[in-house]
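The next block is query_5.cif, given as mmCIF, C-alpha atoms.
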```
data_entry
loop_
_atom_site.label_atom_id
_atom_site.label_comp_id
_atom_site.auth_asym_id
_atom_site.auth_seq_id
_atom_site.Cartn_x
_atom_site.Cartn_y
_atom_site.Cartn_z
CA MET X 124 -14.73 -98.52 -211.24
CA ALA X 125 -14.22 -98.39 -215.00
CA GLN X 126 -17.14 -96.02 -215.18
CA SER X 127 -15.80 -93.59 -212.61
CA LEU X 128 -12.44 -93.59 -214.41
CA ARG X 129 -14.18 -92.45 -217.56
CA LEU X 130 -15.30 -89.36 -215.72
CA GLN X 131 -11.75 -88.14 -215.39
CA PRO X 132 -10.97 -85.43 -217.90
CA VAL X 133 -8.66 -86.22 -220.75
CA MET X 134 -5.46 -84.23 -220.37
CA THR X 135 -4.61 -82.14 -223.40
CA ALA X 136 -1.67 -79.99 -224.35
CA GLU X 137 -3.76 -77.00 -223.26
CA THR X 138 -4.56 -78.33 -219.80
CA GLU X 139 -1.16 -79.73 -218.91
CA THR X 140 1.07 -77.79 -216.58
CA ILE X 141 4.62 -78.89 -217.38
CA ASP X 142 7.25 -76.42 -216.18
CA SER X 143 4.73 -74.41 -214.22
CA LEU X 144 5.99 -75.34 -210.75
CA ASP X 145 5.64 -72.60 -208.18
CA PHE X 146 8.39 -74.01 -205.96
CA PRO X 147 11.80 -72.35 -205.61
CA ALA X 148 14.72 -73.98 -207.39
CA PRO X 149 15.59 -77.22 -205.58
CA ALA X 150 18.90 -77.82 -203.84
CA TYR X 151 20.15 -81.24 -204.84
CA ALA X 152 22.70 -83.22 -202.88
CA VAL X 153 24.26 -84.27 -206.19
CA ALA X 154 25.84 -82.01 -208.80
CA ASP X 155 23.89 -80.90 -211.86
CA ASP X 156 25.87 -83.17 -214.18
CA VAL X 157 24.95 -86.18 -212.04
CA ALA X 158 21.25 -85.29 -212.04
CA ASP X 159 21.52 -84.87 -215.82
CA LEU X 160 23.36 -88.16 -216.34
CA LEU X 161 21.02 -90.26 -214.20
CA PHE X 162 17.68 -88.59 -214.94
CA ARG X 163 17.26 -85.25 -216.65
CA GLU X 164 19.30 -85.69 -219.81
CA ALA X 165 19.17 -89.49 -220.01
CA ARG X 166 17.22 -90.85 -222.95
CA THR X 167 15.83 -94.21 -223.97
CA ILE X 168 18.25 -95.29 -226.68
CA ALA X 169 17.33 -97.39 -229.70
CA SER X 170 20.62 -97.27 -231.61
CA PHE X 171 24.01 -98.11 -230.13
CA THR X 172 27.64 -97.99 -231.28
CA ASP X 173 29.64 -101.21 -231.71
CA GLN X 174 31.50 -100.60 -228.45
CA PRO X 175 31.03 -103.76 -226.38
CA VAL X 176 29.56 -103.88 -222.87
CA THR X 177 31.78 -105.91 -220.57
CA ASP X 178 30.76 -108.31 -217.80
CA SER X 179 32.73 -106.03 -215.52
CA GLU X 180 30.47 -103.11 -216.38
CA LEU X 181 27.32 -105.15 -215.77
CA ALA X 182 28.73 -106.42 -212.47
CA ALA X 183 29.59 -102.84 -211.50
CA ALA X 184 25.99 -101.78 -212.12
CA TYR X 185 24.78 -104.69 -210.00
CA GLU X 186 27.20 -103.68 -207.23
CA LEU X 187 25.23 -100.44 -206.96
CA LEU X 188 21.67 -101.58 -207.51
CA ARG X 189 21.88 -104.46 -205.05
CA TRP X 190 21.97 -101.98 -202.15
CA GLY X 191 18.58 -100.49 -203.02
CA PRO X 192 15.90 -101.39 -200.49
CA THR X 193 13.39 -104.21 -201.05
CA ALA X 194 10.81 -105.83 -198.77
CA MET X 195 12.53 -108.16 -196.29
CA ASN X 196 15.74 -107.59 -198.30
CA THR X 197 14.38 -110.11 -200.80
CA THR X 198 16.29 -108.54 -203.76
CA PRO X 199 14.64 -111.04 -206.17
CA LEU X 200 15.85 -109.41 -209.43
CA ARG X 201 17.77 -111.78 -211.69
CA LEU X 202 19.40 -111.09 -215.06
CA LEU X 203 19.46 -113.22 -218.18
CA VAL X 204 22.39 -111.66 -220.05
CA VAL X 205 21.98 -112.35 -223.76
CA ARG X 206 25.30 -112.03 -225.61
CA SER X 207 25.85 -114.74 -228.22
CA ALA X 208 24.38 -114.50 -231.71
CA GLU X 209 22.66 -117.82 -231.18
CA ALA X 210 21.01 -116.77 -227.90
CA ARG X 211 20.10 -113.38 -229.36
CA ALA X 212 18.25 -115.07 -232.24
CA ARG X 213 16.42 -117.35 -229.80
CA LEU X 214 15.35 -114.34 -227.75
CA ALA X 215 14.34 -112.25 -230.75
CA GLN X 216 11.70 -114.74 -231.83
CA HIS X 217 9.85 -114.11 -228.54
CA VAL X 218 9.75 -110.30 -228.68
CA ASN X 219 7.27 -108.17 -230.55
CA GLU X 220 8.16 -107.72 -234.19
CA GLY X 221 8.70 -103.99 -233.73
CA ASN X 222 11.36 -104.64 -231.07
CA ARG X 223 13.15 -107.52 -232.79
CA ASP X 224 15.78 -105.55 -234.71
CA ARG X 225 16.76 -103.66 -231.57
CA VAL X 226 17.38 -106.90 -229.69
CA LEU X 227 19.45 -108.26 -232.58
CA ALA X 228 21.52 -105.07 -232.88
CA ALA X 229 22.23 -104.12 -229.24
CA PRO X 230 25.72 -104.84 -227.82
CA VAL X 231 24.05 -106.80 -225.01
CA THR X 232 20.44 -107.42 -224.03
CA LEU X 233 19.34 -108.00 -220.46
CA VAL X 234 16.16 -109.91 -219.77
CA VAL X 235 15.13 -108.70 -216.34
CA ALA X 236 13.61 -111.55 -214.36
CA SER X 237 12.68 -112.45 -210.81
CA ASP X 238 13.31 -115.55 -208.74
CA PRO X 239 10.14 -116.82 -207.04
CA ALA X 240 12.42 -119.00 -204.90
CA TRP X 241 14.07 -115.96 -203.33
CA HIS X 242 13.11 -117.34 -199.92
CA ARG X 243 15.96 -119.87 -200.20
CA THR X 244 18.34 -116.93 -199.74
CA LEU X 245 16.76 -115.79 -196.47
CA PRO X 246 19.52 -117.32 -194.28
CA VAL X 247 21.98 -114.93 -195.93
CA LEU X 248 19.83 -111.92 -196.75
CA ALA X 249 17.59 -111.86 -193.68
CA PRO X 250 19.01 -114.34 -191.13
CA HIS X 251 16.48 -113.32 -188.47
CA ARG X 252 13.75 -114.56 -190.82
CA ALA X 253 15.44 -117.79 -191.93
CA GLN X 254 12.84 -119.81 -190.05
CA MET X 255 10.22 -118.54 -192.51
CA ILE X 256 11.58 -120.73 -195.33
CA ASP X 257 9.07 -123.47 -194.56
CA PHE X 258 6.20 -121.02 -194.58
CA PHE X 259 7.25 -119.58 -197.93
CA ASP X 260 7.83 -123.06 -199.39
CA GLY X 261 4.09 -123.53 -199.02
CA ALA X 262 3.10 -120.04 -200.17
CA ALA X 263 4.07 -119.94 -203.85
CA GLU X 264 1.55 -117.25 -204.72
CA VAL X 265 2.82 -114.88 -202.03
CA ARG X 266 6.40 -115.50 -203.14
CA GLU X 267 5.59 -114.82 -206.78
CA GLN X 268 3.77 -111.61 -205.93
CA MET X 269 6.67 -110.42 -203.76
CA ALA X 270 9.17 -111.41 -206.46
CA TYR X 271 7.24 -109.48 -209.09
CA GLN X 272 6.75 -106.38 -206.95
CA ASN X 273 10.28 -106.13 -205.63
CA ALA X 274 12.04 -107.05 -208.88
CA HIS X 275 10.23 -104.15 -210.55
CA ILE X 276 11.40 -101.79 -207.81
CA GLN X 277 14.91 -103.12 -208.49
CA PHE X 278 14.34 -102.55 -212.20
CA GLY X 279 14.20 -98.84 -211.36
CA TYR X 280 17.49 -99.13 -209.46
CA LEU X 281 18.98 -101.06 -212.40
CA ILE X 282 18.25 -98.31 -214.93
CA VAL X 283 19.87 -95.69 -212.70
CA ALA X 284 22.83 -97.97 -211.90
CA LEU X 285 23.56 -98.75 -215.56
CA ARG X 286 23.62 -95.03 -216.27
CA ALA X 287 25.91 -94.48 -213.27
CA VAL X 288 28.36 -96.88 -214.94
CA GLY X 289 28.24 -94.69 -218.06
CA LEU X 290 26.04 -96.99 -220.10
CA ASP X 291 22.97 -96.09 -222.14
CA VAL X 292 19.79 -98.14 -221.92
CA GLY X 293 16.81 -98.99 -224.07
CA PRO X 294 14.20 -100.64 -221.85
CA MET X 295 11.34 -102.46 -223.59
CA ALA X 296 8.22 -104.41 -222.74
CA GLY X 297 6.61 -106.48 -225.48
CA LEU X 298 8.04 -109.94 -224.97
CA ASP X 299 6.28 -113.28 -224.60
CA THR X 300 7.44 -113.88 -221.05
CA ALA X 301 6.15 -117.46 -220.83
CA ALA X 302 8.00 -118.37 -224.03
CA VAL X 303 11.20 -116.69 -222.82
CA ASP X 304 10.94 -118.56 -219.53
CA ALA X 305 10.52 -121.88 -221.35
CA GLU X 306 13.34 -121.07 -223.78
CA PHE X 307 15.96 -119.97 -221.25
CA LEU X 308 14.90 -120.17 -217.62
CA SER X 309 13.25 -123.52 -216.93
CA GLU X 310 16.23 -124.80 -214.93
CA GLN X 311 16.47 -121.67 -212.77
CA GLY X 312 12.72 -121.26 -212.37
CA TRP X 313 13.09 -117.50 -212.89
CA ARG X 314 10.29 -115.44 -214.46
CA SER X 315 11.10 -112.91 -217.16
CA HIS X 316 9.44 -109.49 -217.10
CA LEU X 317 11.15 -106.86 -219.23
CA ILE X 318 14.09 -106.27 -221.58
CA VAL X 319 16.86 -103.70 -221.42
CA ASN X 320 19.17 -103.19 -224.39
CA VAL X 321 22.48 -101.83 -223.14
CA GLY X 322 25.37 -100.09 -224.88
CA HIS X 323 26.72 -96.69 -225.80
CA ARG X 324 24.45 -94.33 -227.64
CA ASP X 325 24.96 -93.75 -231.31
CA GLU X 326 24.70 -89.95 -231.24
CA PRO X 327 22.79 -89.44 -234.48
CA GLY X 328 20.54 -92.28 -233.34
CA THR X 329 18.58 -90.31 -230.75
CA PRO X 330 15.40 -90.40 -232.69
CA HIS X 331 12.84 -87.82 -231.68
CA ALA X 332 12.02 -84.95 -229.37
CA ARG X 333 11.72 -85.86 -225.72
CA ALA X 334 8.29 -86.86 -224.51
CA ALA X 335 6.68 -84.62 -221.88
CA ARG X 336 6.22 -85.52 -218.23
CA LEU X 337 3.63 -84.63 -215.62
CA ASP X 338 4.31 -81.98 -213.02
CA TYR X 339 4.51 -82.61 -209.30
CA ALA X 340 1.25 -80.69 -208.97
CA ASP X 341 -0.42 -83.29 -211.21
CA VAL X 342 0.72 -86.33 -209.25
CA ASN X 343 0.46 -85.42 -205.57
CA LEU X 344 -2.41 -85.23 -203.13
CA THR X 345 -1.26 -83.68 -199.85
CA VAL X 346 -3.34 -84.25 -196.73
CA MET Q 56 6.56 -125.57 -210.13
CA ALA Q 57 6.48 -125.32 -206.34
CA GLN Q 58 8.13 -128.72 -206.23
CA SER Q 59 11.00 -127.78 -208.50
CA LEU Q 60 11.56 -124.67 -206.42
CA ARG Q 61 11.99 -126.82 -203.33
CA LEU Q 62 14.90 -128.53 -205.04
CA GLN Q 63 16.90 -125.34 -205.00
CA PRO Q 64 19.50 -125.39 -202.25
CA VAL Q 65 19.00 -123.15 -199.28
CA MET Q 66 21.70 -120.50 -199.30
CA THR Q 67 23.69 -120.39 -196.09
CA ALA Q 68 26.41 -118.12 -194.79
CA GLU Q 69 28.90 -120.80 -195.89
CA THR Q 70 27.65 -121.07 -199.46
CA GLU Q 71 27.17 -117.39 -200.18
CA THR Q 72 29.74 -115.56 -202.19
CA ILE Q 73 29.44 -111.92 -201.19
CA ASP Q 74 32.55 -109.88 -202.02
CA SER Q 75 34.08 -112.69 -204.06
CA LEU Q 76 33.75 -111.00 -207.45
CA ASP Q 77 36.53 -111.80 -209.87
CA PHE Q 78 35.98 -108.68 -211.95
CA PRO Q 79 38.40 -105.75 -211.95
CA ALA Q 80 37.38 -102.65 -210.05
CA PRO Q 81 34.58 -100.90 -211.96
CA ALA Q 82 34.91 -97.44 -213.44
CA TYR Q 83 31.80 -95.48 -212.52
CA ALA Q 84 30.62 -92.41 -214.39
CA VAL Q 85 29.73 -90.84 -211.04
CA ALA Q 86 32.08 -90.01 -208.17
CA ASP Q 87 32.44 -92.36 -205.22
CA ASP Q 88 30.54 -90.04 -202.89
CA VAL Q 89 27.57 -90.08 -205.29
CA ALA Q 90 27.58 -93.88 -205.52
CA ASP Q 91 27.74 -93.96 -201.72
CA LEU Q 92 24.94 -91.41 -201.26
CA LEU Q 93 22.52 -93.04 -203.69
CA PHE Q 94 23.31 -96.72 -203.13
CA ARG Q 95 26.30 -98.05 -201.25
CA GLU Q 96 26.09 -96.15 -197.96
CA ALA Q 97 22.38 -95.38 -198.02
CA ARG Q 98 20.37 -97.13 -195.34
CA THR Q 99 16.72 -97.74 -194.65
CA ILE Q 100 16.02 -95.29 -191.83
CA ALA Q 101 13.52 -95.87 -189.03
CA SER Q 102 14.27 -92.84 -186.85
CA PHE Q 103 14.36 -89.26 -188.11
CA THR Q 104 15.23 -85.85 -186.68
CA ASP Q 105 12.56 -83.17 -186.28
CA GLN Q 106 13.84 -81.29 -189.35
CA PRO Q 107 10.85 -80.86 -191.64
CA VAL Q 108 10.66 -82.03 -195.24
CA THR Q 109 9.39 -79.26 -197.48
CA ASP Q 110 7.05 -79.49 -200.45
CA SER Q 111 9.90 -78.00 -202.44
CA GLU Q 112 12.13 -80.95 -201.58
CA LEU Q 113 9.47 -83.46 -202.56
CA ALA Q 114 8.82 -81.61 -205.82
CA ALA Q 115 12.57 -81.56 -206.49
CA ALA Q 116 12.71 -85.33 -206.09
CA TYR Q 117 9.78 -85.70 -208.47
CA GLU Q 118 11.52 -83.40 -210.97
CA LEU Q 119 14.22 -86.07 -211.20
CA LEU Q 120 12.24 -89.30 -211.01
CA ARG Q 121 9.71 -88.24 -213.61
CA TRP Q 122 12.35 -88.56 -216.33
CA GLY Q 123 12.94 -92.26 -215.65
CA PRO Q 124 11.63 -94.49 -218.44
CA THR Q 125 8.28 -96.29 -218.26
CA ALA Q 126 6.28 -98.25 -220.82
CA MET Q 127 4.63 -95.88 -223.30
CA ASN Q 128 5.76 -93.04 -221.02
CA THR Q 129 2.80 -93.90 -218.78
CA THR Q 130 4.53 -92.61 -215.60
CA PRO Q 131 1.54 -93.76 -213.49
CA LEU Q 132 3.14 -93.17 -210.07
CA ARG Q 133 1.12 -90.89 -207.80
CA LEU Q 134 1.90 -89.69 -204.28
CA LEU Q 135 -0.39 -89.31 -201.31
CA VAL Q 136 1.65 -86.95 -199.12
CA VAL Q 137 0.60 -87.41 -195.51
CA ARG Q 138 1.53 -84.39 -193.38
CA SER Q 139 -1.16 -83.36 -190.90
CA ALA Q 140 -1.54 -85.06 -187.54
CA GLU Q 141 -5.12 -85.88 -188.40
CA ALA Q 142 -4.23 -87.55 -191.73
CA ARG Q 143 -1.28 -89.33 -190.13
CA ALA Q 144 -3.58 -90.90 -187.53
CA ARG Q 145 -6.02 -91.96 -190.23
CA LEU Q 146 -3.21 -93.60 -192.17
CA ALA Q 147 -1.66 -95.29 -189.15
CA GLN Q 148 -4.78 -97.30 -188.44
CA HIS Q 149 -4.33 -99.05 -191.82
CA VAL Q 150 -0.67 -100.06 -191.45
CA ASN Q 151 0.66 -103.11 -189.64
CA GLU Q 152 1.01 -102.56 -185.92
CA GLY Q 153 4.78 -102.90 -186.11
CA ASN Q 154 5.01 -100.01 -188.57
CA ARG Q 155 2.50 -97.69 -186.91
CA ASP Q 156 4.86 -95.75 -184.67
CA ARG Q 157 7.17 -95.03 -187.60
CA VAL Q 158 4.33 -93.54 -189.61
CA LEU Q 159 3.27 -91.40 -186.66
CA ALA Q 160 6.83 -90.17 -186.02
CA ALA Q 161 8.20 -89.48 -189.51
CA PRO Q 162 8.43 -85.85 -190.69
CA VAL Q 163 6.38 -86.82 -193.73
CA THR Q 164 5.00 -90.10 -195.03
CA LEU Q 165 4.45 -90.81 -198.71
CA VAL Q 166 1.91 -93.38 -199.77
CA VAL Q 167 3.12 -94.46 -203.19
CA ALA Q 168 0.16 -95.13 -205.45
CA SER Q 169 -0.64 -95.59 -209.12
CA ASP Q 170 -3.33 -94.12 -211.32
CA PRO Q 171 -5.18 -96.79 -213.34
CA ALA Q 172 -6.59 -93.94 -215.43
CA TRP Q 173 -3.13 -92.96 -216.67
CA HIS Q 174 -4.44 -93.34 -220.23
CA ARG Q 175 -6.24 -90.02 -219.87
CA THR Q 176 -2.80 -88.37 -219.96
CA LEU Q 177 -1.79 -89.97 -223.27
CA PRO Q 178 -2.46 -86.81 -225.33
CA VAL Q 179 0.30 -85.09 -223.34
CA LEU Q 180 2.66 -87.95 -222.51
CA ALA Q 181 2.43 -89.95 -225.73
CA PRO Q 182 0.57 -87.82 -228.30
CA HIS Q 183 1.16 -90.33 -231.09
CA ARG Q 184 -0.88 -92.82 -229.07
CA ALA Q 185 -3.69 -90.48 -228.03
CA GLN Q 186 -6.11 -92.38 -230.23
CA MET Q 187 -5.69 -95.40 -227.91
CA ILE Q 188 -7.71 -93.73 -225.13
CA ASP Q 189 -10.90 -95.44 -226.27
CA PHE Q 190 -9.21 -98.83 -226.32
CA PHE Q 191 -7.82 -98.37 -222.82
CA ASP Q 192 -11.16 -97.06 -221.55
CA GLY Q 193 -12.47 -100.55 -222.24
CA ALA Q 194 -9.42 -102.42 -220.94
CA ALA Q 195 -9.38 -101.73 -217.21
CA GLU Q 196 -7.44 -104.87 -216.36
CA VAL Q 197 -4.63 -104.04 -218.79
CA ARG Q 198 -4.48 -100.50 -217.44
CA GLU Q 199 -4.30 -101.65 -213.84
CA GLN Q 200 -1.54 -104.13 -214.62
CA MET Q 201 0.46 -101.49 -216.48
CA ALA Q 202 -0.13 -98.99 -213.67
CA TYR Q 203 1.09 -101.48 -211.07
CA GLN Q 204 4.15 -102.57 -213.04
CA ASN Q 205 5.32 -99.12 -214.08
CA ALA Q 206 4.58 -97.40 -210.75
CA HIS Q 207 6.84 -99.96 -209.06
CA ILE Q 208 9.62 -99.21 -211.54
CA GLN Q 209 9.09 -95.55 -210.67
CA PHE Q 210 9.22 -96.46 -206.98
CA GLY Q 211 12.85 -97.42 -207.61
CA TYR Q 212 13.49 -94.04 -209.25
CA LEU Q 213 11.73 -92.32 -206.33
CA ILE Q 214 14.02 -93.85 -203.70
CA VAL Q 215 17.13 -92.76 -205.62
CA ALA Q 216 15.68 -89.31 -206.32
CA LEU Q 217 14.79 -88.64 -202.67
CA ARG Q 218 18.36 -89.50 -201.73
CA ALA Q 219 19.66 -87.24 -204.51
CA VAL Q 220 17.79 -84.40 -202.79
CA GLY Q 221 19.62 -85.24 -199.57
CA LEU Q 222 16.71 -86.93 -197.86
CA ASP Q 223 16.69 -90.26 -196.01
CA VAL Q 224 13.99 -92.82 -196.60
CA GLY Q 225 12.30 -95.65 -194.75
CA PRO Q 226 10.25 -97.65 -197.28
CA MET Q 227 7.69 -100.09 -195.90
CA ALA Q 228 5.15 -102.60 -197.10
CA GLY Q 229 2.56 -103.83 -194.62
CA LEU Q 230 -0.42 -101.59 -195.24
CA ASP Q 231 -4.04 -102.45 -195.96
CA THR Q 232 -4.07 -100.97 -199.44
CA ALA Q 233 -7.82 -101.35 -199.98
CA ALA Q 234 -8.51 -99.55 -196.70
CA VAL Q 235 -6.05 -96.76 -197.54
CA ASP Q 236 -7.67 -96.37 -200.97
CA ALA Q 237 -11.11 -96.09 -199.40
CA GLU Q 238 -9.87 -93.70 -196.70
CA PHE Q 239 -7.98 -91.26 -198.95
CA LEU Q 240 -8.13 -92.02 -202.66
CA SER Q 241 -11.71 -92.77 -203.68
CA GLU Q 242 -12.09 -89.47 -205.50
CA GLN Q 243 -8.83 -89.84 -207.44
CA GLY Q 244 -9.29 -93.56 -208.12
CA TRP Q 245 -5.60 -94.11 -207.33
CA ARG Q 246 -4.41 -97.42 -205.86
CA SER Q 247 -1.98 -97.42 -202.95
CA HIS Q 248 0.96 -99.85 -202.93
CA LEU Q 249 3.74 -98.95 -200.51
CA ILE Q 250 4.81 -96.39 -197.92
CA VAL Q 251 7.96 -94.30 -197.69
CA ASN Q 252 8.76 -92.39 -194.52
CA VAL Q 253 10.95 -89.41 -195.41
CA GLY Q 254 13.17 -87.16 -193.36
CA HIS Q 255 16.72 -86.70 -192.12
CA ARG Q 256 18.34 -89.59 -190.33
CA ASP Q 257 18.71 -89.46 -186.59
CA GLU Q 258 22.35 -90.60 -186.45
CA PRO Q 259 22.12 -92.81 -183.38
CA GLY Q 260 18.94 -94.20 -184.88
CA THR Q 261 20.60 -96.44 -187.49
CA PRO Q 262 19.60 -99.59 -185.81
CA HIS Q 263 21.58 -102.66 -186.83
CA ALA Q 264 24.37 -104.00 -189.02
CA ARG Q 265 23.73 -103.83 -192.70
CA ALA Q 266 22.04 -106.85 -194.24
CA ALA Q 267 24.04 -108.77 -196.86
CA ARG Q 268 23.34 -108.78 -200.58
CA LEU Q 269 23.81 -111.34 -203.34
CA ASP Q 270 26.76 -111.14 -205.70
CA TYR Q 271 26.46 -110.57 -209.43
CA ALA Q 272 27.58 -114.18 -209.89
CA ASP Q 273 24.50 -115.30 -207.95
CA VAL Q 274 21.97 -113.35 -209.99
CA ASN Q 275 23.08 -113.59 -213.62
CA LEU Q 276 22.79 -116.27 -216.28
CA THR Q 277 24.82 -115.33 -219.35
CA VAL Q 278 24.01 -117.00 -222.66
#
```
What is this file in structure tokens?
Amino acid sequence: MAQSLRLQPVMTAETETIDSLDFPAPAYAVADDVADLLFREARTIASFTDQPVTDSELAAAYELLRWGPTAMNTTPLRLLVVRSAEARARLAQHVNEGNRDRVLAAPVTLVVASDPAWHRTLPVLAPHRAQMIDFFDGAAEVREQMAYQNAHIQFGYLIVALRAVGLDVGPMAGLDTAAVDAEFLSEQGWRSHLIVNVGHRDEPGTPHARAARLDYADVNLTV
Amino acid sequence: MAQSLRLQPVMTAETETIDSLDFPAPAYAVADDVADLLFREARTIASFTDQPVTDSELAAAYELLRWGPTAMNTTPLRLLVVRSAEARARLAQHVNEGNRDRVLAAPVTLVVASDPAWHRTLPVLAPHRAQMIDFFDGAAEVREQMAYQNAHIQFGYLIVALRAVGLDVGPMAGLDTAAVDAEFLSEQGWRSHLIVNVGHRDEPGTPHARAARLDYADVNLTV
């Protein structure tokens, strides 16, 4: 497989087709300013103002994202909300050096995790499947895979939901997830995956020109 | 680990805390009807009207979702758009029997996939990292993991974006991904993950009461 992948051409600035769509202008069900806020004008932010992020704002974002669909309504995403200076310093030691200052400086940092024991919530979230608890108790690998897959889908909802609350986000990979789990999550049994710094953008802090994206023509195969 | 997970209490209708938030009403940056359209009132739809879904609508959804953040701007999500009766029948044979009729009946079915050869797009998507192509050529496992993780994040953006275009969605797991890859994607080398039926909801078709969700208090650990 690796060999066949090598046969794919390298995309260059000359071959890419950004902004060359042949489709008529789309009709969105949301206003332009909403599409801009949630997607088109939103940027990954590295530098935030001192304005705090409240628990109420984080809860409001969760109130939206929780309705996004997941397999069997598992909704396994969990949030380690890192606020205190002490917890921030403990987290920073487990992120890549290049990301450390951002974690220390952000108003609040979310460690996005999943709960492999999501099946214990089946009686509430999927009552017609509550009898599957025993099966899932004995199927840790299946549970972990489902937790990973669906929490990442929810990560997408989370980014949009935080922006819908008027917050700016700086998502990051580059953490030692096993070390973060041992440091913070051993009691809960959650597994950490990614980090999102959250706050309000420091206007002069938007650092560089926006990276390009692929066109629809580049990503779809219609049959 | 499996043992410690068993110690977690099973959540029951009595112990759950839905709608018991103690936070003041949130102030969203989007209007109520937008929050409803994208999250709160959106439902997973199993039955659609005959109204077709155009390529323009799908491209419009992609025009939004493509701006959502991914690691290194990899944006590895790819879409197999299944339209023709012939392709639909070929796909249906690889989905779980319980999902087959929905695939055959939907106006259009998207197979959400990822491209493990996303690194070939680095010169366009992350020019400052273009020199990493050789490294990633030799690191197929890392590429596949990053493709899987980031395409699922984009799956979350996709669901929101389709709704922002005014479309209804019925996401589904339960497909034989290896068989789908062999049937449709061997030339591209993409890997299939999930299915999304897309169309316009058949009003009487919304089948059952909405499933519950966890509260913010149930999913966060603040430190």
In Å, with one decimal, what is the gap from CA of Gln106 in chain Q to CA of His255 in chain Q?
-> 6.7 Å
Within 6 Å of chain Q, which residues of chain X show up when using only C-alpha atoms, listed as a PyMOL selection string?
-> chain X and resi 128+133-136+146+149+151-153+162-163+179+182-183+187+190+201-206+240+243-244+246-248+275-276+278-280+287-289+335+339+342-346
One-decimal distance in Å that lies between CA of Thr177 in chain X and CA of Val303 in chain X |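 Taking CA of Val303 in chain X and CA of Thr177 in chain X, their separation equals 23.3 Å.
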Answer key for the PyMOL selection byres ((chain Q and resi 159-161) around 7), residues as a list in words =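 Output of the PyMOL selection byres ((chain Q and resi 159-161) around 7): Phe103, Arg143, Ala144, Ala147, Arg155, Asp156, Arg157, Val158, Pro162, Val163, Thr164, Asn252, Val253 and Gly254 of chain Q.
The interatomic distance for the pair CA of Arg184 in chain Q and CA of Ala202 in chain Q works out to 16.6 Å.
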Translate the PyMOL selection byres ((chain X and resi 300) around 8), as applied to the file shown, into an explicit residue set as a ChimeraX atom specification.
-> /X:217,298-299,301-304,314-316
Could you turn the residues from that selection into a file that holds C-alpha atoms, as a PDB file, in the coordinates of the input?
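Here's the written file out-v2.pdb:
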```pdb
ATOM      1  CA  HIS X 217       9.850-114.110-228.540  1.00  0.00           C
ATOM      2  CA  LEU X 298       8.040-109.940-224.970  1.00  0.00           C
ATOM      3  CA  ASP X 299       6.280-113.280-224.600  1.00  0.00           C
ATOM      4  CA  ALA X 301       6.150-117.460-220.830  1.00  0.00           C
ATOM      5  CA  ALA X 302       8.000-118.370-224.030  1.00  0.00           C
ATOM      6  CA  VAL X 303      11.200-116.690-222.820  1.00  0.00           C
ATOM      7  CA  ASP X 304      10.940-118.560-219.530  1.00  0.00           C
ATOM      8  CA  ARG X 314      10.290-115.440-214.460  1.00  0.00           C
ATOM      9  CA  SER X 315      11.100-112.910-217.160  1.00  0.00           C
ATOM     10  CA  HIS X 316       9.440-109.490-217.100  1.00  0.00           C
TER      11      HIS X 316
END
```
Given 3 Å of margin on each side, can you work out the centre and size in Å (one decimal) of an axis-aligned box holding every listed atom of range 151-154 of chain X, as JSON?
```
{"center_x": 23.0, "center_y": -82.8, "center_z": -205.8, "size_x": 11.7, "size_y": 9.0, "size_z": 11.9}
```
